[in-house]
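> This is query_25.txt, which holds compact mmCIF, C-alpha atoms and all ligand atoms:
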```
# COMPACT_ATOMS: atom_id res chain seq x y z
CA MET A 3 116.98 120.94 115.14
CA LYS A 4 119.74 120.28 112.64
CA ILE A 5 119.08 120.45 108.91
CA VAL A 6 121.57 118.34 106.93
CA GLU A 7 121.96 117.74 103.22
CA LEU A 8 124.88 115.34 102.99
CA VAL A 9 125.05 111.66 103.95
CA ALA A 10 128.35 112.25 105.77
CA ASP A 11 126.77 115.00 107.91
CA LEU A 12 123.75 112.83 108.59
CA ARG A 13 125.95 109.97 109.76
CA SER A 14 128.14 112.17 111.95
CA SER A 15 125.00 113.63 113.58
CA LEU A 16 123.63 110.19 114.37
CA SER A 17 126.78 108.36 115.46
CA PRO A 18 127.16 109.92 118.97
CA TRP A 19 123.55 109.00 119.75
CA ARG A 20 124.04 105.49 118.46
CA ARG A 21 127.19 105.11 120.59
CA LEU A 22 125.12 106.06 123.66
CA GLY A 23 122.63 103.33 122.74
CA GLU A 24 119.85 105.78 121.88
CA THR A 25 117.18 104.55 119.48
CA ILE A 26 116.63 106.36 116.21
CA GLY A 27 113.12 106.79 114.82
CA PHE A 28 112.70 107.78 111.18
CA VAL A 29 109.87 109.40 109.24
CA PRO A 30 110.51 109.45 105.46
CA THR A 31 108.50 112.14 103.63
CA MET A 32 108.39 114.13 100.42
CA GLY A 33 107.66 117.29 102.40
CA ASN A 34 104.69 119.66 102.17
CA LEU A 35 103.90 118.37 105.62
CA HIS A 36 100.32 118.14 106.90
CA GLU A 37 98.70 116.77 110.06
CA GLY A 38 99.08 113.22 108.74
CA HIS A 39 102.88 113.60 108.63
CA LEU A 40 102.91 115.31 112.01
CA ALA A 41 101.05 112.34 113.51
CA LEU A 42 103.88 110.10 112.25
CA VAL A 43 106.41 112.43 113.86
CA GLU A 44 104.47 112.37 117.16
CA GLN A 45 104.56 108.56 117.10
CA ALA A 46 108.27 108.61 116.36
CA LEU A 47 108.92 111.02 119.25
CA GLU A 48 106.96 108.78 121.62
CA ARG A 49 108.65 105.57 120.54
CA SER A 50 112.29 106.59 119.99
CA ASP A 51 115.02 108.62 121.71
CA ARG A 52 115.97 110.57 118.57
CA VAL A 53 113.90 111.44 115.53
CA VAL A 54 114.98 112.08 111.96
CA VAL A 55 112.57 113.30 109.25
CA SER A 56 113.69 113.16 105.63
CA ILE A 57 112.30 115.45 102.96
CA PHE A 58 113.03 114.43 99.39
CA VAL A 59 110.78 114.55 96.34
CA ASN A 60 111.95 111.35 94.71
CA PRO A 61 112.03 111.57 90.90
CA MET A 62 112.27 107.78 90.52
CA GLN A 63 108.75 107.20 91.85
CA PHE A 64 107.05 109.59 89.41
CA GLY A 65 106.10 108.37 85.94
CA GLN A 66 106.23 110.32 82.69
CA GLY A 67 103.56 113.03 82.71
CA GLU A 68 102.98 112.74 86.47
CA ASP A 69 103.25 115.64 88.92
CA PHE A 70 107.00 115.57 89.80
CA ASP A 71 107.54 119.20 88.70
CA ALA A 72 104.31 120.46 90.25
CA TYR A 73 104.77 118.58 93.54
CA PRO A 74 104.73 121.24 96.29
CA ARG A 75 108.16 122.02 97.75
CA THR A 76 107.75 123.92 101.01
CA LEU A 77 110.97 123.26 102.92
CA GLU A 78 110.97 126.41 105.02
CA GLN A 79 107.38 125.94 106.23
CA ASP A 80 108.03 122.24 106.83
CA CYS A 81 111.03 123.01 109.06
CA GLN A 82 108.98 125.59 110.94
CA ARG A 83 106.39 122.93 111.70
CA LEU A 84 108.95 120.32 112.76
CA ALA A 85 111.23 122.40 115.00
CA PRO A 86 108.77 123.00 117.88
CA LEU A 87 107.87 119.30 118.01
CA GLY A 88 111.37 118.28 119.10
CA VAL A 89 112.63 116.62 115.90
CA ASP A 90 116.41 116.19 116.09
CA VAL A 91 117.41 116.14 112.41
CA VAL A 92 115.74 117.05 109.13
CA TYR A 93 117.56 115.33 106.28
CA THR A 94 117.10 117.11 102.94
CA PRO A 95 119.33 115.36 100.41
CA THR A 96 119.63 116.68 96.87
CA ALA A 97 118.90 114.55 93.80
CA ALA A 98 122.67 114.42 93.16
CA THR A 99 123.22 112.92 96.63
CA MET A 100 120.52 110.32 96.22
CA TYR A 101 121.23 109.48 92.57
CA PRO A 102 124.86 110.29 91.77
CA ARG A 103 124.50 108.41 88.49
CA ASN A 104 120.99 109.78 87.73
CA PRO A 105 117.91 107.64 88.44
CA ASP A 106 117.91 105.73 85.14
CA ALA A 107 121.42 104.38 85.64
CA SER A 108 121.10 103.54 89.34
CA THR A 109 120.62 100.22 91.11
CA ARG A 110 116.96 99.53 91.80
CA VAL A 111 115.01 97.57 94.37
CA ALA A 112 111.97 95.65 93.16
CA VAL A 113 109.37 93.91 95.31
CA PRO A 114 107.54 91.80 92.74
CA GLY A 115 103.94 90.66 93.16
CA LEU A 116 102.88 93.22 95.74
CA SER A 117 104.11 96.03 93.47
CA ASP A 118 102.48 94.97 90.22
CA GLN A 119 98.82 95.34 91.17
CA LEU A 120 96.41 98.15 92.18
CA CYS A 121 98.41 101.44 92.12
CA GLY A 122 101.40 99.56 90.68
CA ALA A 123 99.35 98.44 87.67
CA SER A 124 98.35 102.02 86.85
CA ARG A 125 101.70 103.57 87.75
CA PRO A 126 104.34 101.20 86.30
CA GLY A 127 107.70 101.65 88.03
CA HIS A 128 106.25 103.69 90.88
CA PHE A 129 106.90 101.13 93.60
CA VAL A 130 110.39 100.35 92.30
CA GLY A 131 111.07 104.06 92.83
CA VAL A 132 109.57 103.95 96.32
CA ALA A 133 111.39 100.77 97.39
CA THR A 134 114.69 102.04 95.98
CA ILE A 135 114.61 105.40 97.74
CA VAL A 136 113.39 103.95 101.04
CA CYS A 137 116.11 101.29 100.88
CA LYS A 138 118.73 103.99 100.28
CA LEU A 139 117.38 106.15 103.11
CA PHE A 140 117.36 103.13 105.44
CA ASN A 141 120.98 102.35 104.52
CA GLN A 142 122.05 105.96 105.03
CA LEU A 143 120.33 106.35 108.42
CA GLN A 144 120.10 102.81 109.75
CA PRO A 145 117.12 103.69 111.95
CA ASP A 146 115.75 101.36 114.63
CA ILE A 147 112.13 102.16 113.78
CA ALA A 148 110.51 103.74 110.73
CA PHE A 149 107.01 105.25 110.71
CA LEU A 150 104.81 105.18 107.62
CA GLY A 151 101.20 106.16 107.02
CA GLU A 152 98.52 103.56 106.38
CA LYS A 153 97.00 105.83 103.73
CA ASP A 154 99.60 104.40 101.36
CA TYR A 155 98.63 100.88 102.41
CA GLN A 156 100.22 99.14 99.43
CA GLN A 157 103.44 101.11 99.93
CA LEU A 158 103.49 100.12 103.61
CA LEU A 159 103.22 96.40 102.76
CA ILE A 160 105.91 96.73 100.08
CA ILE A 161 108.31 98.39 102.51
CA ARG A 162 107.62 95.74 105.17
CA ARG A 163 108.30 93.01 102.59
CA MET A 164 111.52 94.69 101.41
CA VAL A 165 112.78 94.96 105.00
CA GLU A 166 111.98 91.29 105.59
CA ASP A 167 113.49 90.08 102.31
CA LEU A 168 116.69 92.14 102.66
CA ASP A 169 117.18 91.29 106.37
CA MET A 170 117.07 94.90 107.48
CA ASP A 171 116.93 95.19 111.26
CA ILE A 172 114.27 97.91 111.25
CA GLU A 173 110.83 97.85 112.84
CA ILE A 174 108.19 99.25 110.50
CA VAL A 175 105.28 100.96 112.25
CA GLY A 176 102.13 101.74 110.26
CA CYS A 177 100.19 104.75 111.58
CA PRO A 178 96.44 105.33 111.07
CA ILE A 179 95.12 107.62 108.34
CA VAL A 180 94.50 111.20 109.49
CA ARG A 181 91.33 112.66 107.96
CA GLU A 182 89.87 116.11 107.49
CA ALA A 183 86.62 116.80 109.42
CA ASP A 184 84.60 115.72 106.35
CA GLY A 185 86.45 112.39 106.04
CA LEU A 186 88.88 113.19 103.22
CA ALA A 187 92.23 111.50 103.90
CA MET A 188 94.95 114.11 104.32
CA SER A 189 97.36 114.27 101.39
CA SER A 190 99.73 116.78 99.87
CA ARG A 191 97.85 116.27 96.59
CA ASN A 192 94.60 117.60 98.12
CA GLY A 193 96.10 121.05 97.51
CA TYR A 194 95.67 120.50 93.74
CA LEU A 195 91.86 120.30 94.06
CA SER A 196 89.66 123.19 92.94
CA GLU A 197 87.03 124.39 95.39
CA THR A 198 84.33 122.31 93.70
CA GLN A 199 86.55 119.22 93.56
CA ARG A 200 87.45 119.67 97.22
CA GLN A 201 83.72 119.49 98.02
CA GLN A 202 83.31 116.31 95.97
CA ALA A 203 86.45 114.64 97.33
CA PRO A 204 85.02 113.23 100.63
CA LEU A 205 82.66 111.06 98.53
CA LEU A 206 85.60 108.72 98.00
CA TYR A 207 85.74 107.93 101.72
CA GLN A 208 81.93 107.80 101.90
CA ARG A 209 81.75 105.20 99.12
CA LEU A 210 84.45 103.10 100.76
CA SER A 211 82.68 103.30 104.13
CA ALA A 212 79.37 102.27 102.55
CA LEU A 213 81.08 99.29 100.96
CA THR A 214 82.67 98.18 104.25
CA HIS A 215 79.22 98.15 105.89
CA LYS A 216 78.08 95.64 103.28
CA LEU A 217 81.03 93.40 104.20
CA ILE A 218 79.56 92.93 107.64
CA HIS A 219 76.76 90.82 106.22
CA PRO A 220 77.79 87.52 104.67
CA VAL A 221 78.79 88.49 101.16
CA THR A 222 80.39 86.21 98.65
CA ASN A 223 80.50 88.28 95.51
CA PHE A 224 83.14 90.90 96.21
CA ALA A 225 83.42 91.71 92.50
CA ASP A 226 79.79 92.93 92.44
CA LEU A 227 80.39 95.18 95.43
CA GLU A 228 83.52 96.62 93.81
CA ARG A 229 81.72 97.22 90.51
CA GLU A 230 78.75 98.96 92.19
CA ALA A 231 81.06 101.25 94.15
CA VAL A 232 83.03 102.18 91.00
CA GLN A 233 79.81 102.97 89.13
CA ALA A 234 78.55 105.13 92.00
CA LEU A 235 81.81 107.04 92.25
CA ASP A 236 82.04 107.59 88.48
CA ALA A 237 78.44 108.89 88.50
CA GLU A 238 79.54 111.38 91.16
CA GLY A 239 82.23 112.90 88.93
CA PHE A 240 85.29 110.76 89.69
CA CYS A 241 87.24 108.77 87.16
CA THR A 242 87.83 105.68 89.25
CA ASP A 243 90.98 103.65 88.71
CA TYR A 244 90.02 100.82 91.07
CA ILE A 245 88.10 99.85 94.15
CA ALA A 246 89.35 96.54 95.48
CA ILE A 247 88.54 94.32 98.44
CA ARG A 248 91.70 92.51 99.45
CA ARG A 249 93.29 90.51 102.24
CA GLN A 250 95.06 92.82 104.70
CA SER A 251 98.18 90.69 105.04
CA ASP A 252 99.25 90.48 101.38
CA LEU A 253 96.63 92.18 99.17
CA ALA A 254 95.53 88.85 97.68
CA PRO A 255 91.84 88.54 96.72
CA PRO A 256 90.17 87.18 99.87
CA GLY A 257 89.11 83.58 100.18
CA PRO A 258 86.15 82.37 102.29
CA ALA A 259 88.33 81.95 105.41
CA ASP A 260 89.76 85.50 105.31
CA ARG A 261 88.31 87.78 107.96
CA ASP A 262 90.72 90.74 108.01
CA LEU A 263 90.22 92.74 104.85
CA VAL A 264 91.16 96.10 103.43
CA VAL A 265 89.10 98.03 100.91
CA LEU A 266 91.35 100.18 98.74
CA ALA A 267 90.57 102.83 96.14
CA ALA A 268 92.27 105.15 93.70
CA ALA A 269 90.29 107.70 91.73
CA TYR A 270 90.92 110.88 89.80
CA LEU A 271 89.12 114.16 90.31
CA GLY A 272 90.24 116.09 87.26
CA ASN A 273 93.99 115.49 87.10
CA THR A 274 94.36 114.78 90.81
CA ARG A 275 94.81 111.17 91.82
CA LEU A 276 93.36 110.44 95.26
CA ILE A 277 93.88 107.20 97.17
CA ASP A 278 92.24 105.92 100.32
CA ASN A 279 91.52 102.69 102.16
CA ILE A 280 89.66 101.25 105.12
CA GLN A 281 90.71 98.18 107.06
CA VAL A 282 87.96 95.90 108.29
CA ASN A 283 88.85 93.37 110.96
CA GLY A 284 87.03 90.14 111.70
CA ILE A 285 84.15 90.26 109.23
CA PRO A 286 81.52 87.70 110.25
O1 LIG A 301 104.95 108.26 101.11
C1 LIG A 301 105.82 109.07 100.68
O2 LIG A 301 105.79 110.26 100.98
C2 LIG A 301 106.93 108.55 99.78
O3 LIG A 301 106.48 107.56 98.94
C3 LIG A 301 108.17 108.10 100.57
C4 LIG A 301 107.88 106.89 101.46
C5 LIG A 301 108.71 109.25 101.41
C6 LIG A 301 109.26 107.68 99.58
O4 LIG A 301 109.62 108.72 98.73
```
Rewrite the coordinates I just gave you, this time as structure tokens.
Ligand code: PAF

Amino acid sequence: MKIVELVADLRSSLSPWRRLGETIGFVPTMGNLHEGHLALVEQALERSDRVVVSIFVNPMQFGQGEDFDAYPRTLEQDCQRLAPLGVDVVYTPTAATMYPRNPDASTRVAVPGLSDQLCGASRPGHFVGVATIVCKLFNQLQPDIAFLGEKDYQQLLIIRRMVEDLDMDIEIVGCPIVREADGLAMSSRNGYLSETQRQQAPLLYQRLSALTHKLIHPVTNFADLEREAVQALDAEGFCTDYIAIRRQSDLAPPGPADRDLVVLAAAYLGNTRLIDNIQVNGIP
């Protein structure tokens, strides 16, 4: 497994494979890899001839006062987990490589509409940072397929939209959420939780699941369901940012004809922001 830091080295590693017609699968990450990331890598290994994983904690997607400095950086452990799987290249660019003119003075990619709601409403600029870095990574690597987790459902839709709008010839594969035994969605941020908070955390998934069961019966007032779930979660010690029932395809509020929905949530436990979602297909 090669570890490369520079775009030129990345490109020279990939070009012989590309010349041979081998497909390149790509898993973008911010490191501190857990089973959720490894599931993306497994998918990439199954579906492509060569696999590249990037590790870069992207300053542009963190707002003022967010956890950019505290975000866990565990490169050595991450490489130890990736090497035995058969990953070909780990790309670990520096901030100077990704933002030669510093993030504030760099070209940005915005995906309006999809980016301005839900997590985007609470974290202004976050999805511009995500779209910009993923666009740059895609340009640097030019992968055939990229693998992203469905835990960041809004991010996944934004990246799909960006690829479509900018005519990038890349297949985007969304991979299912990987959960701990008690239901908590795996996330690098789970490591911030105290022991007590870690015990409370699965309630987020439990509340979402309970809400999805109510969607099975004919329900018209989604706003009431959302409000009840927020109240329940707040009473259980969370500070809930939102619980929202949306259309899977574009995150619009569902109309009476919409059958494929996604229930999304973001909530704080102390200072830790947790997100989760459940897709529900074909509600009656
Ligand atoms: O999901 C993440 O880890 C990040 O948002 C991503 C896609 C690697 C971009 O920095």
> Residues of chain A that have any atom at most 7 Å from an atom of ligand LIG 301 (chain A): could you tabulate them with the shortest-distance atom pair and the distance in Å to one decimal, using all atoms listed in the file, ordered by chain and increasing number, as a tab-separated table?

```
residue	atom	partner	partner_atom	distance
A:Pro30	CA	A:LIG301	C5	4.4
A:Thr31	CA	A:LIG301	C5	3.7
A:Met32	CA	A:LIG301	O2	4.7
A:Phe58	CA	A:LIG301	O4	6.7
A:Val59	CA	A:LIG301	O4	6.4
A:Asn60	CA	A:LIG301	O4	5.3
A:Val132	CA	A:LIG301	C6	5.0
A:Ile135	CA	A:LIG301	O4	6.1
A:Val136	CA	A:LIG301	C6	5.8
A:Asp154	CA	A:LIG301	O1	6.6
```
> Just give me the gap between CA of Gly257 in chain A and CA of Leu205 in chain A in Å, one decimal is fine.
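The value is 28.3 Å.
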> Please identify all polymer residues within 9 Å of Tyr244 in chain A, counting only C-alpha atoms, omitting same-chain residues fewer than 5 positions from it, and present them as a PyMOL selection string.
chain A and resi 120-121+228+232+266-269
> Counting all atoms listed in the file, figure out which residue out of A:Tyr155, A:Tyr93, A:Tyr101, A:Phe28 gets nearest to Leu8 in chain A.
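Nearest to Leu8 in chain A: A:Tyr93.
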> Quick one: residues within 8 Å of Leu253 in chain A, only C-alpha atoms counted, chain neighbours fewer than 6 positions away excluded, as a list of chain:residue names?
A:Leu116, A:Gln156, A:Val264
> Excluding range 144-151 of chain A and its own-chain neighbours fewer than 5 positions away, which residues fall within 6 Å of it when counting all atoms listed in the file? Please give them as a list of chain:residue names.
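Counting only the stated atoms, we get A:Thr25, A:Ile26, A:Gly27, A:Phe28, A:Val29, A:Leu42, A:Ile172, A:Glu173, A:Ile174, A:Val175, A:Gly176, A:Cys177.
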> Counting only C-alpha atoms, which residue out of A:Ile160, A:Leu139, A:Leu84, A:Val282 sits closest to Gly122 in chain A?
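Smallest distance to Gly122 in chain A is found for A:Ile160.
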> Between A:Pro204, A:Pro18, A:Pro286, A:Gly115, which residue has the minimum interatomic distance to Leu263 in chain A, considering all atoms listed in the file?
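Closest to Leu263 in chain A, using all atoms listed in the file: A:Pro286.
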> Looking at A:Phe70, A:Ile179, A:Asp118, A:Gln142, which one is nearest to Ala41 in chain A, with distances taken over all atoms listed in the file?
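For Ala41 in chain A, the nearest of the candidates is A:Ile179.
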> Record the distance separating CA of Glu37 in chain A and CA of Gln281 in chain A, expressed in Å with one decimal.
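Atom-to-atom, CA of Glu37 in chain A to CA of Gln281 in chain A, that is 20.5 Å.
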> Quick one, how far is CA of Ala72 in chain A from CA of Lys4 in chain A?
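So the answer is 27.2 Å.
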> Please determine, counting only C-alpha atoms, which residue among A:Asp171, A:Leu87, A:His215, A:Gln157 has the shortest atom-to-atom distance to Leu47 in chain A.
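Going through A:Asp171, A:Leu87, A:His215, A:Gln157 one by one, the smallest distance to Leu47 in chain A is for A:Leu87.
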> Which protein, DNA or RNA residues are at most 6 Å from (91.0, 108.7, 101.9) in the file's coordinates when you count only C-alpha atoms, listed as number ranges by chain?
A: 186-187, 207, 277-278
> Calculated over only C-alpha atoms, which of the candidates A:Ile280, A:Leu22, A:Val53, A:Cys137 has the smallest distance to Val89 in chain A?
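Among the listed residues, the smallest separation from Val89 in chain A belongs to A:Val53.
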> Could you list, as a VMD selection string, every residue within 9 Å of range 189-198 of chain A, counting only C-alpha atoms and ignoring same-chain residues fewer than 2 positions away?
chain A and resid 33 to 36 38 73 to 74 153 186 to 187 200 to 203 271 to 277
> Just want the 10 Å neighbourhood of Ala85 in chain A, counted on all atoms listed in the file, with same-chain residues fewer than 6 positions away dropped. Output as a PDB file with C-alpha atoms, keeping the file's coordinate frame.

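The resulting file, around-v9.pdb, is reproduced below:
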```pdb
ATOM      1  CA  MET A   3     116.980 120.940 115.140  1.00  0.00           C
ATOM      2  CA  LYS A   4     119.740 120.280 112.640  1.00  0.00           C
ATOM      3  CA  VAL A  91     117.410 116.140 112.410  1.00  0.00           C
ATOM      4  CA  VAL A  92     115.740 117.050 109.130  1.00  0.00           C
TER       5      VAL A  92
END
```
